[in-house]
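What follows is a short report on a single structure.
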2 protein chains.
Amino acid sequence: MARSQQATPTGYALLGLLSFGRHLTGYELKQFADSSLRFFYAAPAMSQVYSELDKLEAAGFVNGRETTVGERTIRVHSISRKGITALRRWLAQSPVGPPSLKHHLALRIFLGHMTEPGRLLEQVAGQRSWCEQTLTDLAIVRDGLEDDPDGRWSHARIVADWGLDYYRAELSALDRLASALAEGSPAVVRPRT
Amino acid sequence: MARSQQATPTGYALLGLLSFGRHLTGYELKQFADSSLRFFYAAPAMSQVYSELDKLEAAGFVNGRETTVGERTIRVHSISRKGITALRRWLAQSPVGPPSLKHHLALRIFLGHMTEPGRLLEQVAGQRSWCEQTLTDLAIVRDGLEDDPDGRWSHARIVADWGLDYYRAELSALDRLASALAEGSPAVVRPRT
DNA sequence: GCTGACTATTCCGTTTCGGAATACTCCACG
DNA sequence: CGTGGAGTATTCCGAAACGGAATAGTCAGC
């Protein structure tokens with residue numbers, strides 16, 4: 001029976017989205033991920049959403065129901081009782097790894113000896129505006145969670161607030177970074193090796 | 001000639017490590033990554049270090065030299081002139097994507113409606129101690145960069161300082177997270193702040 | 001001379017990414 | 001109406017990244 005025991009972390013993340021109780025197509029699930037997971041857990045690729053759904057369904061964790069809309073048949077997914085159990089177990093038992101971060105800008109700075117200082121500052125500025133954008137996007141999401149009669153989204157609110165903290169800190173770290181670079185650069189007339 | 005044009009991001013990251021001028025085995029390169037990249041750019045798997053080195057060498061970006069040590073032949077790698085050019089070009093031209101983050105703890109919180117509150121707080125505490133550990137590790141690395149006669153590590157210092165900011169912020173966000181959770185579930189007594 | 005930690009490399013299967021291809025739906029505009 | 005473009009829904013494919021285990025030599029200490 002129990003096929004490959006467990007789903008993959010991404011599988012559980014998607015299962016978790018379904019645990020909010022909605023019945024979603026792969027496409028809708030992807031949209032949901034893009035407006036929630038994306039702020040703290042790199043949203044999976046479209047293709048992966050579908051392949052995970054297949055696997056989750058094979059494991060009996062989600063139920064897929066086909067519906068016909070005009071010419072085409074679409075597949076709507078919901079979490080199964082078995083899926084709920086599996087998810088609970090995973091949440092309770094699987095070790096929580098350290099966050100994994102790929103900070104492309106930090107890599108650029110680290111290798112700053114191979115770059116013109118001006119370019120570096122541009123890149124920091126670019127990052128800064130991305131960060132501001134993300135912050136406003138998140139603020140909008142957070143506001144949308146205000147109206148929550150049955151308390152289903154209370155943890156989502158906590159995470160959103162955490163995210164606001166996180167991105168605000170990111171922003172100010174970016175500013176300090178910019179100063180540090182500006183301080184260091186003008187003095188440094190470097191002969192390129 | 002030019003095989004697949006460019007290396008992969010991880011390839012460039014490793015090439016960047018070699019750009020500090022040392023001649024390293026795959027193993028040493030991995031160690032170097034583990035003590036530098038790891039703080040801001042998930043260090044690549046051992047296996048990947050070797051496969052990237054192969055690709056970089058095939059592209060002419062690194063020179064591999066075999067040396068014999070007793071019974072075995074080891075391969076020492078250094079960046080080539082062509083590699084330096086390629087790296088510079090990549091740093092100057094490739095767009096700097098947004099940081100990609102997989103915050104496993106945040107996912108757990110987000111799905112908190114499927115978990116016991118106590119378990120959640122434990123997980124936050126676990127994350128907190130990981131974070132403290134990382135912070136002290138990074139502080140040690142940062143100290144080691146103090147002695148830098150030829151200024152080669154000046155950007156590394158800037159990144160290290162940025163990282164200290166980053167992880168300190170992470171830590172306090174974690175504490176606020178813990179309070180938010182504790183508030184929501186009054187049953188639980190909060191451990192020391 | 002043995003043992004165990006460290007150095008060095010390779011292999012293999014799975015997970016994840018990313019983008020393109022396909023095709024239907026629905027609405028707005030002429 | 002009817003057509004075209006934005007949005008919905010799914011699939012395919014190849015490349016990138018991960019992770020852990022297997023193999024094997026080196027070197028120190030006992």
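Chain labels A, B, ... are given in the sequence in which chains occur in the structure tokens; within each chain residues are numbered consecutively from 1, and ligands are likewise numbered from 1 in the order shown.
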Counting only C-alpha atoms, which residues of chain A come no farther than 8 Å from chain B, as number ranges by chain? A: 13, 16, 37, 40-42, 87-88, 91-92, 96-116, 119, 123, 127, 130, 152, 155-156, 158-159, 162, 165-166, 169-170, 173-174, 176-177, 180-181
For the residues selected in the previous step, produce a file with N, CA and C atoms as a short mmCIF file (atom, residue, chain, number, x, y, z; two decimals), in the first residue's frame.
```
data_model
loop_
_atom_site.label_atom_id
_atom_site.label_comp_id
_atom_site.auth_asym_id
_atom_site.auth_seq_id
_atom_site.Cartn_x
_atom_site.Cartn_y
_atom_site.Cartn_z
N ALA A 13 3.46 21.33 1.00
CA ALA A 13 3.10 22.74 0.96
C ALA A 13 1.79 22.92 0.18
N GLY A 16 -1.03 21.60 2.01
CA GLY A 16 -1.36 22.59 3.02
C GLY A 16 -2.27 23.67 2.48
N LEU A 37 2.33 31.54 -0.48
CA LEU A 37 3.64 30.91 -0.35
C LEU A 37 4.76 31.81 -0.84
N PHE A 40 7.32 33.61 1.36
CA PHE A 40 8.24 32.97 2.30
C PHE A 40 8.69 31.58 1.87
N TYR A 41 8.15 31.12 0.76
CA TYR A 41 8.49 29.77 0.36
C TYR A 41 8.36 29.64 -1.14
N ALA A 42 9.43 30.06 -1.82
CA ALA A 42 9.45 30.10 -3.29
C ALA A 42 8.34 29.27 -3.93
N LEU A 87 -0.88 15.23 6.39
CA LEU A 87 -0.37 16.59 6.57
C LEU A 87 -0.12 16.88 8.04
N ARG A 88 -1.08 16.53 8.87
CA ARG A 88 -0.92 16.73 10.31
C ARG A 88 0.32 16.02 10.82
N LEU A 91 3.44 17.80 9.65
CA LEU A 91 3.65 19.04 10.37
C LEU A 91 4.16 18.78 11.78
N ALA A 92 3.64 17.72 12.38
CA ALA A 92 4.02 17.45 13.77
C ALA A 92 5.41 16.83 13.86
N VAL A 96 12.10 20.71 11.12
CA VAL A 96 12.03 21.98 10.40
C VAL A 96 13.44 22.43 10.05
N GLY A 97 13.80 22.26 8.81
CA GLY A 97 15.15 22.65 8.40
C GLY A 97 15.38 24.14 8.50
N PRO A 98 16.62 24.55 8.45
CA PRO A 98 16.93 25.98 8.43
C PRO A 98 16.40 26.58 7.13
N PRO A 99 16.07 27.86 7.14
CA PRO A 99 15.61 28.49 5.91
C PRO A 99 16.70 28.40 4.86
N SER A 100 16.31 28.18 3.62
CA SER A 100 17.36 28.19 2.60
C SER A 100 17.20 29.44 1.76
N LEU A 101 18.29 30.11 1.65
CA LEU A 101 18.28 31.45 1.05
C LEU A 101 19.25 31.50 -0.11
N LYS A 102 18.77 32.03 -1.23
CA LYS A 102 19.71 32.33 -2.31
C LYS A 102 19.61 33.81 -2.60
N HIS A 103 20.54 34.54 -2.04
CA HIS A 103 20.48 35.98 -2.16
C HIS A 103 21.45 36.41 -3.26
N HIS A 104 20.89 36.55 -4.46
CA HIS A 104 21.73 36.80 -5.62
C HIS A 104 22.48 38.10 -5.52
N LEU A 105 21.87 39.08 -4.89
CA LEU A 105 22.56 40.35 -4.73
C LEU A 105 23.78 40.19 -3.81
N ALA A 106 23.59 39.50 -2.71
CA ALA A 106 24.70 39.31 -1.78
C ALA A 106 25.88 38.63 -2.49
N LEU A 107 25.56 37.69 -3.36
CA LEU A 107 26.63 37.05 -4.14
C LEU A 107 27.36 38.08 -4.99
N ARG A 108 26.61 38.96 -5.62
CA ARG A 108 27.24 40.00 -6.43
C ARG A 108 28.17 40.89 -5.60
N ILE A 109 27.72 41.23 -4.42
CA ILE A 109 28.55 42.08 -3.57
C ILE A 109 29.80 41.32 -3.15
N PHE A 110 29.60 40.09 -2.75
CA PHE A 110 30.71 39.26 -2.31
C PHE A 110 31.80 39.21 -3.37
N LEU A 111 31.37 39.18 -4.62
CA LEU A 111 32.33 39.13 -5.72
C LEU A 111 32.61 40.53 -6.27
N GLY A 112 32.42 41.50 -5.40
CA GLY A 112 32.54 42.89 -5.82
C GLY A 112 33.89 43.27 -6.38
N HIS A 113 34.91 42.51 -6.02
CA HIS A 113 36.24 42.82 -6.56
C HIS A 113 36.31 42.59 -8.06
N MET A 114 35.27 41.97 -8.62
CA MET A 114 35.24 41.73 -10.06
C MET A 114 34.27 42.65 -10.79
N THR A 115 33.77 43.65 -10.10
CA THR A 115 32.72 44.50 -10.68
C THR A 115 33.04 45.96 -10.48
N GLU A 116 32.51 46.79 -11.34
CA GLU A 116 32.65 48.23 -11.10
C GLU A 116 31.73 48.61 -9.96
N ARG A 119 28.16 49.81 -10.88
CA ARG A 119 27.22 48.75 -11.25
C ARG A 119 26.62 48.12 -10.00
N GLN A 123 22.72 47.77 -8.80
CA GLN A 123 22.08 46.50 -8.47
C GLN A 123 21.42 46.55 -7.10
N GLN A 127 17.43 46.03 -6.30
CA GLN A 127 16.94 45.14 -5.26
C GLN A 127 16.01 45.90 -4.32
N TRP A 130 12.63 46.26 -5.84
CA TRP A 130 11.93 44.98 -5.78
C TRP A 130 11.38 44.76 -4.38
N ARG A 152 -10.16 31.25 10.28
CA ARG A 152 -9.37 30.29 9.53
C ARG A 152 -8.00 30.84 9.15
N HIS A 155 -3.47 32.23 11.47
CA HIS A 155 -2.04 31.97 11.32
C HIS A 155 -1.47 32.66 10.10
N ALA A 156 -2.27 32.71 9.05
CA ALA A 156 -1.82 33.43 7.86
C ALA A 156 -1.50 34.88 8.22
N ILE A 158 -0.54 36.00 11.13
CA ILE A 158 0.72 36.02 11.88
C ILE A 158 1.92 35.93 10.95
N VAL A 159 1.82 35.05 9.98
CA VAL A 159 2.93 34.92 9.03
C VAL A 159 3.07 36.19 8.19
N TRP A 162 4.82 38.67 10.23
CA TRP A 162 6.22 38.28 10.29
C TRP A 162 6.92 38.68 8.99
N ASP A 165 7.70 42.35 8.84
CA ASP A 165 8.94 42.55 9.60
C ASP A 165 10.15 42.19 8.75
N TYR A 166 10.04 41.01 8.19
CA TYR A 166 11.17 40.46 7.46
C TYR A 166 11.58 41.37 6.31
N ALA A 169 13.05 44.67 7.38
CA ALA A 169 14.44 44.51 7.80
C ALA A 169 15.34 44.37 6.58
N GLU A 170 14.88 43.62 5.63
CA GLU A 170 15.63 43.46 4.38
C GLU A 170 15.92 44.82 3.77
N ALA A 173 18.50 46.71 5.79
CA ALA A 173 19.82 46.10 5.59
C ALA A 173 20.39 46.52 4.24
N LEU A 174 19.50 46.64 3.28
CA LEU A 174 19.90 47.07 1.94
C LEU A 174 20.46 48.49 1.98
N ARG A 176 21.78 50.02 4.60
CA ARG A 176 23.10 50.03 5.23
C ARG A 176 24.17 49.49 4.29
N LEU A 177 23.76 48.49 3.52
CA LEU A 177 24.66 47.94 2.52
C LEU A 177 25.10 49.01 1.54
N ALA A 180 27.60 51.29 3.11
CA ALA A 180 28.90 50.64 3.25
C ALA A 180 29.64 50.63 1.92
N LEU A 181 28.91 50.38 0.87
CA LEU A 181 29.54 50.36 -0.45
C LEU A 181 30.00 51.75 -0.85
#
```
So that I can check the secondary structure, give me every residue of region 22-61 of chain A assigned helix (DSSP H, G or I) by backbone DSSP, as a list in words.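 Result set for region 22-61 of chain A (helix (DSSP H, G or I)): Gly26, Tyr27, Glu28, Leu29, Lys30, Gln31, Phe32, Ala33, Asp34, Ser35, Leu37, Arg38, Phe39, Met46, Ser47, Gln48, Val49, Tyr50, Ser51, Glu52, Leu53, Asp54, Lys55, Leu56, Glu57 and Ala58 of chain A.
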Include C-alpha atoms and write out the residues we just selected as a PDB file, in the first residue's frame.
```pdb
ATOM      1  CA  GLY A  26      -3.978  23.161 -10.675  1.00  0.00           C
ATOM      2  CA  TYR A  27      -4.053  26.597 -12.166  1.00  0.00           C
ATOM      3  CA  GLU A  28      -5.955  28.075  -9.254  1.00  0.00           C
ATOM      4  CA  LEU A  29      -3.679  26.330  -6.815  1.00  0.00           C
ATOM      5  CA  LYS A  30      -0.731  27.923  -8.523  1.00  0.00           C
ATOM      6  CA  GLN A  31      -2.398  31.314  -8.176  1.00  0.00           C
ATOM      7  CA  PHE A  32      -3.023  30.685  -4.528  1.00  0.00           C
ATOM      8  CA  ALA A  33       0.622  29.775  -4.055  1.00  0.00           C
ATOM      9  CA  ASP A  34       1.662  32.918  -5.881  1.00  0.00           C
ATOM     10  CA  SER A  35      -0.268  35.048  -3.483  1.00  0.00           C
ATOM     11  CA  LEU A  37       3.642  30.912  -0.346  1.00  0.00           C
ATOM     12  CA  ARG A  38       5.602  33.165  -2.597  1.00  0.00           C
ATOM     13  CA  PHE A  39       6.454  35.543   0.235  1.00  0.00           C
ATOM     14  CA  MET A  46       3.356  25.578 -12.775  1.00  0.00           C
ATOM     15  CA  SER A  47       4.591  22.258 -14.070  1.00  0.00           C
ATOM     16  CA  GLN A  48       5.450  21.145 -10.600  1.00  0.00           C
ATOM     17  CA  VAL A  49       2.037  21.990  -9.234  1.00  0.00           C
ATOM     18  CA  TYR A  50       0.505  19.566 -11.667  1.00  0.00           C
ATOM     19  CA  SER A  51       3.007  16.810 -11.128  1.00  0.00           C
ATOM     20  CA  GLU A  52       2.708  17.110  -7.366  1.00  0.00           C
ATOM     21  CA  LEU A  53      -1.054  16.970  -7.623  1.00  0.00           C
ATOM     22  CA  ASP A  54      -0.741  13.752  -9.596  1.00  0.00           C
ATOM     23  CA  LYS A  55       1.500  12.284  -6.955  1.00  0.00           C
ATOM     24  CA  LEU A  56      -0.683  13.452  -4.110  1.00  0.00           C
ATOM     25  CA  GLU A  57      -3.669  11.948  -5.791  1.00  0.00           C
ATOM     26  CA  ALA A  58      -1.840   8.683  -6.378  1.00  0.00           C
TER      27      ALA A  58
END
```
Mind fitting chain B to chain A by least squares on all Cα atoms in order and giving back the moved coordinates as a CSV table (one decimal) with C-alpha atoms, in the first residue's frame?
```
chain,number,residue,atom,x,y,z
B,1,MET,CA,-1.1,0.4,-0.6
B,2,ALA,CA,0.6,3.4,0.9
B,3,ARG,CA,2.8,4.1,-2.1
B,4,SER,CA,5.9,5.9,-1.2
B,5,GLN,CA,4.7,6.6,2.4
B,6,GLN,CA,5.0,10.3,2.3
B,7,ALA,CA,4.7,13.2,0.0
B,8,THR,CA,7.6,15.5,-0.7
B,9,PRO,CA,8.0,18.8,1.1
B,10,THR,CA,6.6,20.6,-1.8
B,11,GLY,CA,3.8,18.2,-1.9
B,12,TYR,CA,2.9,19.0,1.7
B,13,ALA,CA,3.2,22.7,1.0
B,14,LEU,CA,0.6,22.4,-1.7
B,15,LEU,CA,-1.5,20.1,0.4
B,16,GLY,CA,-1.3,22.8,3.0
B,17,LEU,CA,-2.7,25.4,0.6
B,18,LEU,CA,-5.6,23.1,-0.1
B,19,SER,CA,-6.1,22.8,3.7
B,20,PHE,CA,-7.6,26.2,3.6
B,21,GLY,CA,-10.6,24.4,2.2
B,22,ARG,CA,-10.9,25.6,-1.3
B,23,HIS,CA,-11.4,23.5,-4.4
B,24,LEU,CA,-8.8,24.5,-7.0
B,25,THR,CA,-7.4,23.6,-10.4
B,26,GLY,CA,-3.7,23.2,-10.7
B,27,TYR,CA,-3.6,26.6,-12.3
B,28,GLU,CA,-5.4,28.2,-9.4
B,29,LEU,CA,-3.3,26.4,-6.9
B,30,LYS,CA,-0.2,27.8,-8.6
B,31,GLN,CA,-1.7,31.3,-8.4
B,32,PHE,CA,-2.4,30.8,-4.7
B,33,ALA,CA,1.2,29.7,-4.2
B,34,ASP,CA,2.4,32.7,-6.1
B,35,SER,CA,0.6,35.0,-3.8
B,36,SER,CA,1.4,33.3,-0.5
B,37,LEU,CA,4.2,30.8,-0.5
B,38,ARG,CA,6.3,32.8,-2.7
B,39,PHE,CA,7.2,35.2,0.0
B,40,PHE,CA,8.9,32.6,2.2
B,41,TYR,CA,9.0,29.4,0.3
B,42,ALA,CA,10.0,29.5,-3.3
B,43,ALA,CA,6.8,28.8,-5.2
B,44,PRO,CA,7.0,25.5,-7.1
B,45,ALA,CA,7.0,25.5,-10.9
B,46,MET,CA,3.8,25.1,-12.8
B,47,SER,CA,4.8,21.7,-14.0
B,48,GLN,CA,5.6,20.6,-10.5
B,49,VAL,CA,2.2,21.7,-9.1
B,50,TYR,CA,0.6,19.3,-11.5
B,51,SER,CA,2.9,16.4,-10.9
B,52,GLU,CA,2.6,16.9,-7.2
B,53,LEU,CA,-1.2,16.9,-7.5
B,54,ASP,CA,-1.0,13.7,-9.3
B,55,LYS,CA,1.1,12.1,-6.6
B,56,LEU,CA,-1.0,13.5,-3.9
B,57,GLU,CA,-4.1,12.1,-5.5
B,58,ALA,CA,-2.4,8.7,-6.0
B,59,ALA,CA,-1.7,8.7,-2.3
B,60,GLY,CA,-5.3,9.5,-1.6
B,61,PHE,CA,-4.5,12.9,-0.1
B,62,VAL,CA,-6.5,14.9,-2.5
B,63,ASN,CA,-9.7,14.3,-4.3
B,64,GLY,CA,-9.8,15.4,-8.0
B,65,ARG,CA,-13.2,16.0,-9.6
B,66,GLU,CA,-13.6,16.6,-13.3
B,67,THR,CA,-15.9,19.3,-14.4
B,68,THR,CA,-16.8,20.3,-17.9
B,69,VAL,CA,-16.7,23.9,-19.0
B,70,GLY,CA,-17.7,24.2,-22.6
B,71,GLU,CA,-15.4,22.2,-24.7
B,72,ARG,CA,-12.9,21.3,-22.0
B,73,THR,CA,-12.7,19.2,-18.9
B,74,ILE,CA,-10.9,20.7,-16.0
B,75,ARG,CA,-9.9,19.1,-12.8
B,76,VAL,CA,-10.7,20.6,-9.5
B,77,HIS,CA,-8.8,19.4,-6.4
B,78,SER,CA,-9.6,19.4,-2.7
B,79,ILE,CA,-7.9,17.9,0.3
B,80,SER,CA,-9.3,14.6,1.5
B,81,ARG,CA,-9.8,13.5,5.1
B,82,LYS,CA,-6.8,11.3,4.7
B,83,GLY,CA,-4.8,14.2,3.4
B,84,ILE,CA,-5.7,16.3,6.4
B,85,THR,CA,-4.5,13.5,8.7
B,86,ALA,CA,-1.3,13.1,6.7
B,87,LEU,CA,-0.7,16.9,6.7
B,88,ARG,CA,-1.3,17.1,10.5
B,89,ARG,CA,1.1,14.3,11.1
B,90,TRP,CA,3.7,15.8,8.8
B,91,LEU,CA,3.4,19.2,10.5
B,92,ALA,CA,3.7,17.6,14.0
B,93,GLN,CA,6.5,15.2,13.3
B,94,SER,CA,8.8,16.1,10.5
B,95,PRO,CA,11.8,18.0,11.6
B,96,VAL,CA,11.9,21.6,10.6
B,97,GLY,CA,15.1,22.1,8.6
B,98,PRO,CA,17.1,25.3,8.6
B,99,PRO,CA,15.9,27.8,6.0
B,100,SER,CA,17.7,27.3,2.7
B,101,LEU,CA,18.8,30.5,1.1
B,102,LYS,CA,20.3,31.2,-2.3
B,103,HIS,CA,21.3,34.8,-2.2
B,104,HIS,CA,22.6,35.5,-5.7
B,105,LEU,CA,23.7,39.0,-4.9
B,106,ALA,CA,25.7,37.9,-1.9
B,107,LEU,CA,27.5,35.5,-4.2
B,108,ARG,CA,28.3,38.4,-6.5
B,109,ILE,CA,29.7,40.4,-3.7
B,110,PHE,CA,31.7,37.5,-2.3
B,111,LEU,CA,33.4,37.2,-5.7
B,112,GLY,CA,33.8,41.0,-5.9
B,113,HIS,CA,37.5,40.7,-6.6
B,114,MET,CA,36.5,39.5,-10.1
B,115,THR,CA,34.1,42.4,-10.8
B,116,GLU,CA,34.2,46.1,-11.3
B,117,PRO,CA,33.1,48.0,-8.2
B,118,GLY,CA,30.6,50.0,-10.2
B,119,ARG,CA,28.9,47.0,-11.5
B,120,LEU,CA,28.5,45.7,-8.0
B,121,LEU,CA,26.8,48.8,-6.8
B,122,GLU,CA,24.4,48.6,-9.7
B,123,GLN,CA,23.6,45.1,-8.8
B,124,VAL,CA,22.9,46.1,-5.2
B,125,ALA,CA,20.6,48.8,-6.4
B,126,GLY,CA,18.8,46.3,-8.6
B,127,GLN,CA,18.3,44.1,-5.6
B,128,ARG,CA,17.1,47.0,-3.6
B,129,SER,CA,14.4,47.8,-5.9
B,130,TRP,CA,13.3,44.2,-6.2
B,131,CYS,CA,13.2,44.1,-2.4
B,132,GLU,CA,11.1,47.3,-2.2
B,133,GLN,CA,8.7,45.8,-4.8
B,134,THR,CA,8.4,42.6,-2.8
B,135,LEU,CA,7.7,44.6,0.3
B,136,THR,CA,4.9,46.5,-1.2
B,137,ASP,CA,3.4,43.3,-2.7
B,138,LEU,CA,3.5,41.7,0.6
B,139,ALA,CA,2.0,44.7,2.3
B,140,ILE,CA,-0.9,44.4,-0.1
B,141,VAL,CA,-1.4,40.7,0.7
B,142,ARG,CA,-1.2,41.5,4.4
B,143,ASP,CA,-3.9,44.1,4.0
B,144,GLY,CA,-6.1,41.7,2.2
B,145,LEU,CA,-5.9,39.4,5.3
B,146,GLU,CA,-7.4,42.0,7.5
B,147,ASP,CA,-11.0,41.0,6.8
B,148,ASP,CA,-11.1,37.5,8.3
B,149,PRO,CA,-14.4,36.8,10.1
B,150,ASP,CA,-13.8,33.1,10.8
B,151,GLY,CA,-10.2,33.5,11.8
B,152,ARG,CA,-8.9,31.1,9.2
B,153,TRP,CA,-6.1,33.4,8.2
B,154,SER,CA,-4.8,34.4,11.6
B,155,HIS,CA,-1.5,32.4,11.1
B,156,ALA,CA,-1.2,33.8,7.6
B,157,ARG,CA,-1.3,37.3,9.1
B,158,ILE,CA,1.4,36.3,11.6
B,159,VAL,CA,3.6,35.0,8.8
B,160,ALA,CA,2.9,38.1,6.7
B,161,ASP,CA,4.0,40.3,9.5
B,162,TRP,CA,7.1,38.2,10.0
B,163,GLY,CA,7.7,38.6,6.3
B,164,LEU,CA,7.4,42.4,6.5
B,165,ASP,CA,10.0,42.3,9.2
B,166,TYR,CA,12.2,40.1,7.2
B,167,TYR,CA,12.1,42.1,4.0
B,168,ARG,CA,12.6,45.4,5.9
B,169,ALA,CA,15.7,43.9,7.5
B,170,GLU,CA,16.8,42.7,4.1
B,171,LEU,CA,16.4,46.2,2.8
B,172,SER,CA,18.5,47.8,5.5
B,173,ALA,CA,21.1,45.2,5.3
B,174,LEU,CA,21.3,46.0,1.6
B,175,ASP,CA,21.9,49.7,2.4
B,176,ARG,CA,24.6,48.9,4.9
B,177,LEU,CA,26.1,46.6,2.2
B,178,ALA,CA,26.1,49.5,-0.3
B,179,SER,CA,27.9,51.8,2.2
B,180,ALA,CA,30.5,49.1,2.9
B,181,LEU,CA,31.1,48.7,-0.8
B,182,ALA,CA,31.2,52.5,-1.4
B,183,GLU,CA,33.7,52.9,1.4
B,184,GLY,CA,36.0,50.3,0.0
B,185,SER,CA,35.9,51.8,-3.4
B,186,PRO,CA,36.0,55.6,-3.0
B,187,ALA,CA,35.9,56.1,-6.8
B,188,VAL,CA,32.2,55.5,-6.9
B,189,VAL,CA,29.7,58.1,-5.9
B,190,ARG,CA,26.9,56.6,-4.0
B,191,PRO,CA,23.3,57.2,-5.1
B,192,ARG,CA,20.6,58.3,-2.8
B,193,THR,CA,20.2,56.4,0.4
```
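What separates C1' of DC26 (chain C) from C1' of DC1 (chain D) is a distance of 15.2 Å.
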Return the neighbours of chain B among the residues of chain C, cut-off 12 Å, counting only C-alpha atoms (C1' of nucleotides), as a PyMOL selection string. chain C and resi 6-12
May I have the residues from that selection written out with C-alpha atoms (C1' of nucleotides), as a CSV table (one decimal), in the first residue's frame?
```
chain,number,residue,atom,x,y,z
C,6,DC,C1',39.6,13.7,7.3
C,7,DT,C1',40.5,14.3,2.3
C,8,DA,C1',39.0,13.4,-2.4
C,9,DT,C1',36.0,11.9,-5.9
C,10,DT,C1',32.2,9.6,-8.2
C,11,DC,C1',27.5,7.8,-8.9
C,12,DC,C1',22.7,7.8,-9.0
```
Please report the interatomic distance between C1' of DC12 (chain D) and C1' of DC17 (chain C) in Å with one decimal. 13.7 Å
Write out as a PyMOL selection string all residues of chain A that DSSP puts in strand (DSSP E) for this structure's backbone. chain A and resi 62-69+72-79+100-102
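For chain D, the residues having at least one atom no farther than 12 Å from chain B, when counting only C-alpha atoms (C1' of nucleotides), are DA15, DA16, DA17, DC18, DG19, DG20, DA21, DA24, DG25, DT26 and DC27 of chain D.
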Could you save those same residues with N, CA and C atoms (P, O5', C5', C4', C3', O3' and C1' of nucleotides) as a CSV table (one decimal), in the first residue's frame?
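Done, and the output landed in result_25.csv:
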```csv
chain,number,residue,atom,x,y,z
D,15,DA,P,19.3,19.6,-22.0
D,15,DA,O5',19.6,20.7,-21.0
D,15,DA,C5',18.9,21.9,-20.9
D,15,DA,C4',18.8,22.4,-19.5
D,15,DA,C3',20.1,22.2,-18.7
D,15,DA,O3',20.4,23.5,-18.1
D,15,DA,C1',18.3,21.3,-17.5
D,16,DA,P,21.7,23.8,-17.3
D,16,DA,O5',21.3,23.8,-15.8
D,16,DA,C5',20.2,24.7,-15.4
D,16,DA,C4',19.9,24.4,-14.0
D,16,DA,C3',21.1,24.3,-13.1
D,16,DA,O3',20.9,25.3,-12.1
D,16,DA,C1',19.7,22.5,-12.8
D,17,DA,P,21.8,25.5,-10.9
D,17,DA,O5',21.3,24.4,-9.8
D,17,DA,C5',20.0,24.7,-9.2
D,17,DA,C4',19.8,23.6,-8.2
D,17,DA,C3',20.9,23.4,-7.2
D,17,DA,O3',20.4,23.6,-5.9
D,17,DA,C1',20.1,21.3,-8.1
D,18,DC,P,21.2,23.4,-4.6
D,18,DC,O5',20.7,22.0,-4.2
D,18,DC,C5',19.4,21.7,-4.4
D,18,DC,C4',19.0,20.3,-3.8
D,18,DC,C3',19.9,20.0,-2.6
D,18,DC,O3',19.0,19.6,-1.6
D,18,DC,C1',20.0,18.2,-4.2
D,19,DG,P,19.4,19.4,-0.1
D,19,DG,O5',19.8,17.8,0.0
D,19,DG,C5',18.8,16.9,-0.5
D,19,DG,C4',19.4,15.5,-0.3
D,19,DG,C3',20.4,15.5,0.8
D,19,DG,O3',20.2,14.3,1.5
D,19,DG,C1',21.3,14.6,-1.2
D,20,DG,P,20.6,14.0,3.0
D,20,DG,O5',20.9,12.5,3.0
D,20,DG,C5',20.2,11.6,2.0
D,20,DG,C4',21.2,10.7,1.4
D,20,DG,C3',22.3,10.2,2.4
D,20,DG,O3',22.4,8.8,2.3
D,20,DG,C1',23.2,10.8,0.3
D,21,DA,P,23.1,8.0,3.5
D,21,DA,O5',23.4,6.6,2.7
D,21,DA,C5',22.7,6.4,1.4
D,21,DA,C4',23.8,6.0,0.5
D,21,DA,C3',24.9,5.1,1.1
D,21,DA,O3',25.1,4.0,0.3
D,21,DA,C1',25.8,6.8,-0.2
D,24,DA,P,37.2,0.7,-4.2
D,24,DA,O5',38.5,1.7,-4.0
D,24,DA,C5',38.3,3.1,-4.1
D,24,DA,C4',39.4,3.9,-3.5
D,24,DA,C3',40.3,3.2,-2.5
D,24,DA,O3',41.6,3.7,-2.7
D,24,DA,C1',39.3,4.9,-1.4
D,25,DG,P,42.9,2.9,-2.4
D,25,DG,O5',44.0,4.0,-2.1
D,25,DG,C5',44.2,5.1,-3.0
D,25,DG,C4',44.3,6.3,-2.2
D,25,DG,C3',45.5,6.3,-1.2
D,25,DG,O3',46.3,7.4,-1.3
D,25,DG,C1',43.5,7.0,-0.1
D,26,DT,P,47.6,7.6,-0.4
D,26,DT,O5',47.1,8.5,0.7
D,26,DT,C5',46.8,9.9,0.4
D,26,DT,C4',46.7,10.6,1.7
D,26,DT,C3',47.9,10.5,2.6
D,26,DT,O3',48.2,11.8,3.1
D,26,DT,C1',46.0,9.9,3.8
D,27,DC,P,49.7,12.2,3.7
D,27,DC,O5',49.4,12.7,5.1
D,27,DC,C5',48.1,13.1,5.5
D,27,DC,C4',47.8,12.8,6.9
D,27,DC,C3',49.1,12.5,7.8
D,27,DC,O3',49.0,13.3,8.9
D,27,DC,C1',47.5,10.9,8.2
```
